>>> print(open('upload_35.txt').read())   # compact mmCIF, C-alpha atoms
# COMPACT_ATOMS: atom_id res chain seq x y z
CA MET A 1 -30.03 30.31 -13.93
CA SER A 2 -28.27 29.69 -17.24
CA SER A 3 -27.78 26.34 -18.95
CA ARG A 4 -24.02 26.52 -18.32
CA THR A 5 -24.60 26.88 -14.57
CA ILE A 6 -27.00 23.92 -14.55
CA ASN A 7 -24.44 21.90 -16.50
CA LYS A 8 -21.70 22.71 -13.97
CA VAL A 9 -23.98 21.85 -11.04
CA MET A 10 -24.93 18.51 -12.59
CA ILE A 11 -21.31 17.65 -13.36
CA GLY A 12 -20.28 18.59 -9.81
CA PHE A 13 -23.10 16.48 -8.37
CA TYR A 14 -22.07 13.52 -10.52
CA ILE A 15 -18.42 13.83 -9.45
CA LEU A 16 -19.45 14.06 -5.79
CA LEU A 17 -21.70 11.02 -6.16
CA PHE A 18 -18.96 9.09 -7.93
CA PHE A 19 -16.35 9.74 -5.23
CA ALA A 20 -18.89 9.05 -2.47
CA TYR A 21 -19.65 5.68 -4.10
CA LEU A 22 -15.94 4.99 -4.55
CA PHE A 23 -14.54 6.08 -1.18
CA GLY A 24 -17.64 5.93 1.04
CA PRO A 25 -17.23 2.26 2.03
CA LEU A 26 -13.53 2.85 2.77
CA VAL A 27 -14.36 5.75 5.09
CA VAL A 28 -17.07 3.76 6.87
CA MET A 29 -14.76 0.76 7.29
CA SER A 30 -12.01 3.00 8.65
CA ILE A 31 -14.39 4.43 11.26
CA THR A 32 -15.44 0.95 12.40
CA ALA A 33 -11.78 0.11 13.11
CA PHE A 34 -11.77 2.70 15.92
CA ASN A 35 -15.25 2.07 17.33
CA THR A 36 -15.71 -0.06 20.45
CA PRO A 37 -18.62 -2.42 19.47
CA SER A 38 -17.64 -6.01 18.70
CA TYR A 39 -19.50 -5.88 15.39
CA PRO A 40 -18.31 -3.36 12.74
CA THR A 41 -20.39 -0.27 13.46
CA ALA A 42 -19.78 3.26 12.22
CA TYR A 43 -22.83 4.87 13.84
CA PRO A 44 -23.44 5.42 16.64
CA PHE A 45 -19.80 5.96 17.58
CA GLU A 46 -19.74 4.60 21.12
CA GLY A 47 -16.07 5.23 21.90
CA PHE A 48 -12.56 5.45 20.50
CA THR A 49 -10.33 2.39 20.83
CA LEU A 50 -7.14 0.89 19.40
CA GLY A 51 -7.93 -2.54 20.75
CA TRP A 52 -8.86 -3.96 17.37
CA PHE A 53 -5.37 -3.24 16.07
CA VAL A 54 -3.94 -5.12 19.07
CA LYS A 55 -6.30 -8.02 18.38
CA LEU A 56 -5.22 -8.00 14.74
CA TRP A 57 -1.56 -8.12 15.79
CA ASN A 58 -2.24 -11.06 18.09
CA HIS A 59 -4.13 -12.98 15.38
CA ARG A 60 -1.49 -15.62 14.67
CA ALA A 61 -3.10 -17.11 11.54
CA MET A 62 -3.54 -13.70 9.93
CA MET A 63 0.05 -12.66 10.67
CA ASP A 64 1.38 -15.94 9.26
CA GLY A 65 -0.77 -15.44 6.18
CA LEU A 66 0.57 -11.90 5.79
CA ILE A 67 4.16 -13.14 5.95
CA ASN A 68 3.40 -15.86 3.37
CA SER A 69 1.72 -13.30 1.10
CA ILE A 70 4.79 -11.06 1.23
CA ILE A 71 7.12 -13.99 0.51
CA ILE A 72 4.97 -15.12 -2.41
CA GLY A 73 4.75 -11.57 -3.75
CA ILE A 74 8.54 -11.18 -3.72
CA GLY A 75 8.91 -14.57 -5.39
CA VAL A 76 6.40 -13.61 -8.07
CA ILE A 77 8.39 -10.43 -8.77
CA CYS A 78 11.62 -12.45 -9.11
CA VAL A 79 9.95 -14.79 -11.63
CA SER A 80 7.44 -12.61 -13.49
CA VAL A 81 9.54 -9.51 -14.20
CA PRO A 82 12.50 -11.36 -15.82
CA VAL A 83 10.10 -13.56 -17.80
CA GLY A 84 8.09 -10.53 -18.92
CA LEU A 85 11.29 -8.69 -19.86
CA ALA A 86 12.57 -11.61 -21.94
CA ALA A 87 9.19 -12.08 -23.62
CA SER A 88 8.95 -8.36 -24.49
CA ILE A 89 12.44 -8.36 -26.00
CA VAL A 90 11.57 -11.40 -28.11
CA MET A 91 8.29 -9.72 -29.10
CA ASN A 92 10.20 -6.65 -30.25
CA GLN A 93 12.68 -8.64 -32.34
CA ILE A 94 10.63 -11.54 -33.67
CA TYR A 95 9.57 -11.68 -37.30
CA HIS A 96 6.53 -9.42 -37.65
CA ARG A 97 4.30 -12.11 -39.22
CA ALA A 98 4.78 -14.34 -36.19
CA ARG A 99 4.09 -11.61 -33.63
CA SER A 100 0.34 -12.10 -33.57
CA LEU A 101 0.69 -15.82 -32.76
CA TYR A 102 3.45 -15.14 -30.23
CA TYR A 103 1.31 -12.44 -28.60
CA LEU A 104 -1.66 -14.82 -28.40
CA VAL A 105 0.45 -17.51 -26.72
CA THR A 106 2.07 -15.18 -24.18
CA VAL A 107 -1.12 -13.34 -23.21
CA SER A 108 -3.43 -16.38 -23.15
CA PRO A 109 -2.78 -17.13 -19.42
CA VAL A 110 -4.49 -13.84 -18.57
CA LEU A 111 -7.67 -15.15 -20.24
CA THR A 112 -7.48 -18.51 -18.46
CA PRO A 113 -9.62 -18.85 -15.28
CA GLY A 114 -7.57 -18.82 -12.11
CA VAL A 115 -9.16 -22.08 -10.96
CA ILE A 116 -7.79 -23.89 -14.00
CA ILE A 117 -4.34 -22.36 -13.53
CA GLY A 118 -4.27 -23.37 -9.87
CA ILE A 119 -5.35 -26.97 -10.48
CA SER A 120 -3.05 -27.44 -13.48
CA THR A 121 -0.11 -26.01 -11.50
CA VAL A 122 -0.61 -28.51 -8.68
CA ILE A 123 -1.01 -31.47 -11.07
CA PHE A 124 1.99 -30.56 -13.23
CA TRP A 125 4.46 -29.94 -10.40
CA ARG A 126 3.24 -32.99 -8.48
CA ASP A 127 3.95 -35.26 -11.45
CA PHE A 128 7.20 -33.43 -12.23
CA SER A 129 8.37 -33.81 -8.63
CA GLU A 130 7.52 -37.51 -8.58
CA MET A 131 9.39 -38.16 -11.85
CA THR A 132 12.49 -36.20 -10.83
CA GLY A 133 12.49 -37.07 -7.14
CA THR A 134 12.28 -33.42 -6.08
CA ARG A 135 8.96 -33.54 -4.27
CA GLY A 136 10.37 -31.78 -1.23
CA VAL A 137 11.68 -28.89 -3.38
CA PHE A 138 8.89 -27.93 -5.77
CA TYR A 139 5.80 -29.53 -4.29
CA LYS A 140 5.31 -26.95 -1.55
CA GLY A 141 2.42 -24.57 -1.11
CA ILE A 142 4.42 -21.34 -1.30
CA VAL A 143 6.48 -22.54 -4.28
CA LEU A 144 3.39 -23.72 -6.16
CA ALA A 145 1.64 -20.42 -5.44
CA ILE A 146 4.62 -18.52 -6.89
CA PHE A 147 4.65 -20.66 -10.04
CA GLY A 148 0.88 -20.55 -10.46
CA GLN A 149 0.60 -16.78 -10.04
CA SER A 150 3.67 -16.06 -12.15
CA SER A 151 2.18 -17.98 -15.08
CA PHE A 152 -0.33 -15.17 -15.71
CA ILE A 153 1.21 -12.19 -13.88
CA ALA A 154 4.21 -12.45 -16.22
CA ALA A 155 1.82 -11.50 -19.03
CA TYR A 156 1.00 -8.24 -17.19
CA CYS A 157 4.71 -7.51 -16.92
CA LEU A 158 5.10 -8.27 -20.63
CA LEU A 159 2.46 -5.70 -21.59
CA ILE A 160 3.93 -3.01 -19.32
CA ILE A 161 7.52 -3.50 -20.47
CA MET A 162 6.55 -3.86 -24.12
CA ALA A 163 4.74 -0.51 -24.05
CA ARG A 164 7.97 1.13 -22.92
CA LEU A 165 10.19 -0.91 -25.22
CA GLN A 166 8.29 0.18 -28.33
CA ARG A 167 9.56 3.73 -27.75
CA PHE A 168 13.18 2.62 -27.56
CA ASP A 169 15.45 3.97 -30.30
CA ARG A 170 17.36 1.03 -31.75
CA ALA A 171 19.94 3.45 -33.12
CA GLN A 172 21.42 3.67 -29.61
CA GLU A 173 22.16 -0.06 -29.66
CA GLU A 174 23.67 0.15 -33.13
CA ALA A 175 25.85 3.10 -32.13
CA ALA A 176 27.09 1.27 -29.02
CA LEU A 177 27.88 -1.85 -31.02
CA ASP A 178 29.73 0.21 -33.63
CA LEU A 179 31.83 1.74 -30.84
CA GLY A 180 32.92 -1.72 -29.68
CA ALA A 181 30.41 -2.54 -26.94
CA SER A 182 29.31 -6.16 -26.54
CA TYR A 183 25.68 -7.27 -26.45
CA PRO A 184 25.69 -7.79 -22.65
CA GLN A 185 27.14 -4.29 -22.21
CA VAL A 186 24.42 -2.83 -24.44
CA PHE A 187 21.80 -4.68 -22.44
CA TRP A 188 23.08 -3.60 -19.01
CA HIS A 189 24.15 -0.02 -19.78
CA ILE A 190 21.65 1.11 -22.43
CA LEU A 191 18.51 -1.03 -22.53
CA LEU A 192 17.96 -1.67 -18.81
CA PRO A 193 18.34 2.01 -17.75
CA PHE A 194 15.80 2.95 -20.41
CA LEU A 195 13.39 0.25 -19.17
CA LYS A 196 13.88 1.08 -15.47
CA PRO A 197 10.51 2.91 -15.04
CA ALA A 198 8.66 0.04 -16.74
CA LEU A 199 10.49 -2.57 -14.67
CA ILE A 200 9.58 -0.79 -11.44
CA SER A 201 5.96 -0.48 -12.54
CA ALA A 202 5.88 -4.15 -13.53
CA ALA A 203 7.33 -5.16 -10.14
CA VAL A 204 4.69 -3.13 -8.26
CA ILE A 205 1.85 -4.54 -10.38
CA ALA A 206 3.21 -8.07 -9.96
CA PHE A 207 3.36 -7.73 -6.17
CA LEU A 208 -0.11 -6.23 -5.86
CA SER A 209 -1.63 -8.81 -8.23
CA SER A 210 -0.01 -11.59 -6.21
CA PHE A 211 -1.01 -10.11 -2.85
CA GLU A 212 -4.71 -9.94 -3.68
CA ASN A 213 -5.00 -13.10 -5.77
CA TYR A 214 -7.46 -15.68 -4.47
CA ASN A 215 -8.62 -18.13 -7.16
CA THR A 216 -5.23 -19.46 -8.20
CA THR A 217 -3.80 -19.27 -4.68
CA THR A 218 -6.65 -21.27 -3.13
CA PHE A 219 -5.74 -24.37 -5.14
CA ALA A 220 -1.96 -23.90 -5.37
CA ILE A 221 -1.22 -23.05 -1.74
CA LEU A 222 -2.05 -26.59 -0.52
CA ALA A 223 -1.99 -26.67 3.31
CA ASP A 224 -0.38 -23.24 3.70
CA LYS A 225 -2.30 -20.00 4.06
CA THR A 226 -2.04 -16.50 2.66
CA LEU A 227 -3.63 -13.35 3.97
CA VAL A 228 -6.40 -13.52 1.38
CA THR A 229 -7.31 -17.13 2.16
CA VAL A 230 -7.27 -16.43 5.90
CA LEU A 231 -9.52 -13.41 5.40
CA ALA A 232 -11.94 -15.50 3.34
CA GLY A 233 -12.22 -18.01 6.17
CA GLU A 234 -12.64 -15.27 8.76
CA VAL A 235 -15.42 -13.58 6.80
CA ARG A 236 -17.33 -16.87 6.53
CA GLN A 237 -17.31 -17.15 10.32
CA GLY A 238 -18.42 -13.55 10.82
CA THR A 239 -16.61 -10.28 10.34
CA THR A 240 -15.09 -8.30 13.22
CA PRO A 241 -13.61 -4.79 13.51
CA ALA A 242 -10.17 -6.42 13.45
CA LEU A 243 -10.69 -6.90 9.73
CA SER A 244 -11.60 -3.22 9.49
CA ALA A 245 -8.32 -2.43 11.25
CA LEU A 246 -6.46 -4.45 8.63
CA ALA A 247 -8.32 -2.63 5.86
CA PHE A 248 -7.44 0.72 7.44
CA ILE A 249 -3.75 -0.22 7.55
CA ILE A 250 -3.78 -1.26 3.87
CA ILE A 251 -5.57 1.97 2.90
CA ALA A 252 -3.09 4.07 4.89
CA ILE A 253 -0.09 2.33 3.34
CA SER A 254 -1.55 2.78 -0.15
CA LEU A 255 -2.18 6.49 0.42
CA LEU A 256 1.27 7.06 1.88
CA GLY A 257 2.85 5.20 -1.03
CA ALA A 258 0.89 7.22 -3.58
CA ILE A 259 1.80 10.50 -1.85
CA ALA A 260 5.48 9.55 -1.61
CA TYR A 261 5.52 8.55 -5.28
CA GLU A 262 3.90 11.82 -6.31
CA ILE A 263 6.40 13.84 -4.27
CA MET A 264 9.35 11.97 -5.79
CA LYS A 265 7.90 12.33 -9.27
CA ARG A 266 7.43 16.08 -8.95
CA ARG A 267 10.90 16.46 -7.47
CA GLU A 268 12.40 14.58 -10.42
CA GLU A 269 10.39 16.70 -12.86
CA ARG A 270 11.64 19.92 -11.23
CA GLN A 271 15.20 18.61 -11.30
CA SER A 272 14.91 17.64 -14.96
CA ALA A 273 13.44 21.04 -15.84
CA ARG A 274 16.25 22.76 -13.91
CA LEU A 275 18.92 20.76 -15.73
CA ALA A 276 17.27 21.45 -19.09
CA GLU A 277 17.17 25.16 -18.32
CA GLN A 278 20.84 25.13 -17.31
CA ALA A 279 21.73 23.34 -20.53
CA LYS A 280 19.84 25.92 -22.57
CA ARG A 281 21.57 28.77 -20.77
CA ALA A 282 24.96 27.15 -21.27
CA GLU A 283 24.20 26.65 -24.95
CA ARG A 284 23.11 30.26 -25.37
CA GLY A 285 26.25 31.40 -23.57
CA GLU A 286 28.49 29.35 -25.85
CA LEU A 287 26.75 30.69 -28.92
CA ALA A 288 27.16 34.27 -27.71
CA GLN A 289 30.88 33.74 -26.99
CA SER A 290 31.60 32.00 -30.29
CA PRO A 291 33.78 34.30 -32.46
CA ALA A 292 32.42 32.83 -35.67
CA LEU A 293 28.86 33.64 -34.68
CA ALA A 294 29.70 36.99 -33.06
CA ALA A 295 31.58 38.33 -36.10
CA PRO A 296 29.46 40.30 -38.59
CA ALA A 297 28.70 38.73 -41.94
>>> encode(input="upload_35.txt", output="C-alpha cells")
Amino acid sequence: MSSRTINKVMIGFYILLFFAYLFGPLVVMSITAFNTPSYPTAYPFEGFTLGWFVKLWNHRAMMDGLINSIIIGIGVICVSVPVGLAASIVMNQIYHRARSLYYLVTVSPVLTPGVIIGISTVIFWRDFSEMTGTRGVFYKGIVLAIFGQSSFIAAYCLLIIMARLQRFDRAQEEAALDLGASYPQVFWHILLPFLKPALISAAVIAFLSSFENYNTTTFAILADKTLVTVLAGEVRQGTTPALSALAFIIIAISLLGAIAYEIMKRREERQSARLAEQAKRAERGELAQSPALAAPA
C-alpha cells in the first residue's frame, strides 16, 4: 500500500468522522420523532408512529411561541435590513479617516452580551414610554424583543450589505446623474437592484438570528413567550419525542429550502450562461456581416 493510498484513506476516514459528528445527532433525533416510547429513544425501534407530531400540534404554548417567533422575526427584518442598508451606505461614503470609529460604533452591539442588551432595552423603553405616555405602544414583549434583537442583528446586515456594496461601480451613479436622473431614481433603479442578493441574504440571516435568539429575548419578551423560551422551559421539565418532532420539522424545512435555493441558483446560472452565449453569437454575426470588417484591407 502506497503513501498516497494511506493518505486518501485517512482523509476519507476524517471526512466520514466529521459528518458523523455533525449530522449523527440530527439523524438520531429524527428517528426518535417516529418511535413509540414516551422518552426519546432511537434504539430499539419499537414501532412507527406520527402521534408525536399530533401532540406537538396540540401543544398550545409551543404553537403560540412559534407564532410570536415568526412575528418577531418579520419585525426584525423590517427594522434590521433598512438600518443595515443605511449604515452600509454611510460607511461607503463617509470620510475614510472616520470609518474606523464609525465601524467600531456600528459593530459594537455584536460584541455586547445579549443579557446586557435585553436588560438595557427593557429599561430604556420603559423610561421612554413613561416620559412620552406611550407605555401601551412600545412597552410590550414582542415590540421590545424586536428592538432588542434588531440592535445587534442590524450589524450583521451591515456587514453583509457592505461586502456587496464595496464591489459597486460608482461610475454607474455618476452616469445616471449626468443623464438627468435624480438621487432617489439612482437609489431605486441602480443601487437597490445591485444590492438585491445582499438584501435577501441579510433578511434570511436576520430572521434566522432572531428565531434562535435566547439571551436577549429572555429579558426583552416580558410576559410573552417565543418558541425558544418555551422549548427551554420544556427541556427543564424533561424532554419528550414531541420536541424531536419539532426538530425534524425544522431540519426538513431547512433541507428543502437549501435544495430549492440550489435549484434556483443553478437555473439562473444556466440562464445567464445561455444569454451570454447568445450575445456572443449575435456579436460574432454582426462582425461577420459588417461591410467594413468584411472588405479586404
>>> closest_residue(input="upload_35.txt", among="A:Leu208, A:Ile221, A:Leu17, A:Ile31", to="Gly118 of chain A", atoms="all atoms listed in the file")
A:Ile221
>>> closest_residue(input="upload_35.txt", among="A:Gln237, A:Arg164, A:Leu243, A:Ala279", to="Ser201 of chain A", atoms="only C-alpha atoms")
A:Arg164
>>> closest_residue(input="upload_35.txt", among="A:Ser182, A:Ala175, A:Phe19, A:Tyr103", to="Met91 of chain A", atoms="all atoms listed in the file")
A:Tyr103
>>> atom_distance(input="upload_35.txt", atom1="atom CA of Leu111 of chain A", atom2="atom CA of Ala206 of chain A")
16.6 Å
>>> residues_around(input="upload_35.txt", residues="segment 228-236 of chain A", least_positions_apart="4", cutoff="9 Å", atoms="all atoms listed in the file", output="ChimeraX atom specification")
/A:61-62,65-66,69,211-214,217-218,240,243
>>> atom_distance(input="upload_35.txt", atom1="atom CA of Phe138 of chain A", atom2="atom CA of Trp125 of chain A")
6.7 Å
>>> decode(input="upload_35.txt", residues="segment 177-243 of chain A", atoms="C-alpha atoms", output="short mmCIF file (atom, residue, chain, number, x, y, z; two decimals), in the first residue's frame")
data_model
loop_
_atom_site.label_atom_id
_atom_site.label_comp_id
_atom_site.auth_asym_id
_atom_site.auth_seq_id
_atom_site.Cartn_x
_atom_site.Cartn_y
_atom_site.Cartn_z
CA LEU A 177 -26.87 61.63 -12.67
CA ASP A 178 -25.25 63.08 -15.79
CA LEU A 179 -28.18 61.78 -17.84
CA GLY A 180 -30.65 63.67 -15.64
CA ALA A 181 -31.67 61.05 -13.06
CA SER A 182 -32.39 62.21 -9.51
CA TYR A 183 -30.78 60.70 -6.43
CA PRO A 184 -33.94 58.74 -5.46
CA GLN A 185 -34.12 57.35 -9.01
CA VAL A 186 -30.46 56.28 -8.83
CA PHE A 187 -31.13 54.63 -5.49
CA TRP A 188 -34.25 52.73 -6.61
CA HIS A 189 -33.24 51.79 -10.16
CA ILE A 190 -29.47 51.28 -9.92
CA LEU A 191 -28.26 50.73 -6.35
CA LEU A 192 -31.08 48.57 -4.97
CA PRO A 193 -31.12 46.09 -7.91
CA PHE A 194 -27.37 45.67 -7.49
CA LEU A 195 -27.78 45.07 -3.74
CA LYS A 196 -30.74 42.69 -4.14
CA PRO A 197 -28.75 39.46 -3.45
CA ALA A 198 -27.18 41.01 -0.34
CA LEU A 199 -30.54 42.31 0.89
CA ILE A 200 -32.11 38.87 0.53
CA SER A 201 -29.18 37.25 2.33
CA ALA A 202 -29.36 39.86 5.09
CA ALA A 203 -33.11 39.26 5.50
CA VAL A 204 -32.60 35.49 5.81
CA ILE A 205 -29.76 35.89 8.32
CA ALA A 206 -31.81 38.41 10.30
CA PHE A 207 -34.80 36.07 10.51
CA LEU A 208 -32.74 33.04 11.49
CA SER A 209 -30.75 35.01 14.08
CA SER A 210 -33.99 36.32 15.57
CA PHE A 211 -35.70 32.92 15.51
CA GLU A 212 -32.98 31.17 17.51
CA ASN A 213 -32.03 34.02 19.84
CA TYR A 214 -32.43 33.28 23.55
CA ASN A 215 -30.34 35.58 25.76
CA THR A 216 -31.73 38.91 24.58
CA THR A 217 -35.25 37.53 24.08
CA THR A 218 -35.47 36.10 27.61
CA PHE A 219 -35.22 39.56 29.17
CA ALA A 220 -36.97 41.61 26.48
CA ILE A 221 -40.01 39.41 25.90
CA LEU A 222 -41.50 40.20 29.35
CA ALA A 223 -44.60 38.01 29.94
CA ASP A 224 -44.84 36.78 26.34
CA LYS A 225 -43.18 33.64 25.03
CA THR A 226 -41.26 32.65 21.94
CA LEU A 227 -40.56 29.19 20.64
CA VAL A 228 -37.05 29.22 22.08
CA THR A 229 -38.16 30.26 25.57
CA VAL A 230 -40.96 27.67 25.55
CA LEU A 231 -38.50 24.98 24.49
CA ALA A 232 -36.13 25.97 27.28
CA GLY A 233 -38.90 25.55 29.82
CA GLU A 234 -39.97 22.22 28.33
CA VAL A 235 -36.44 20.84 28.42
CA ARG A 236 -36.09 21.74 32.10
CA GLN A 237 -39.18 19.67 32.87
CA GLY A 238 -37.98 16.71 30.81
CA THR A 239 -37.69 16.20 27.09
CA THR A 240 -40.26 14.26 25.05
CA PRO A 241 -40.33 12.97 21.45
CA ALA A 242 -42.61 15.90 20.62
CA LEU A 243 -39.50 18.08 20.76
#
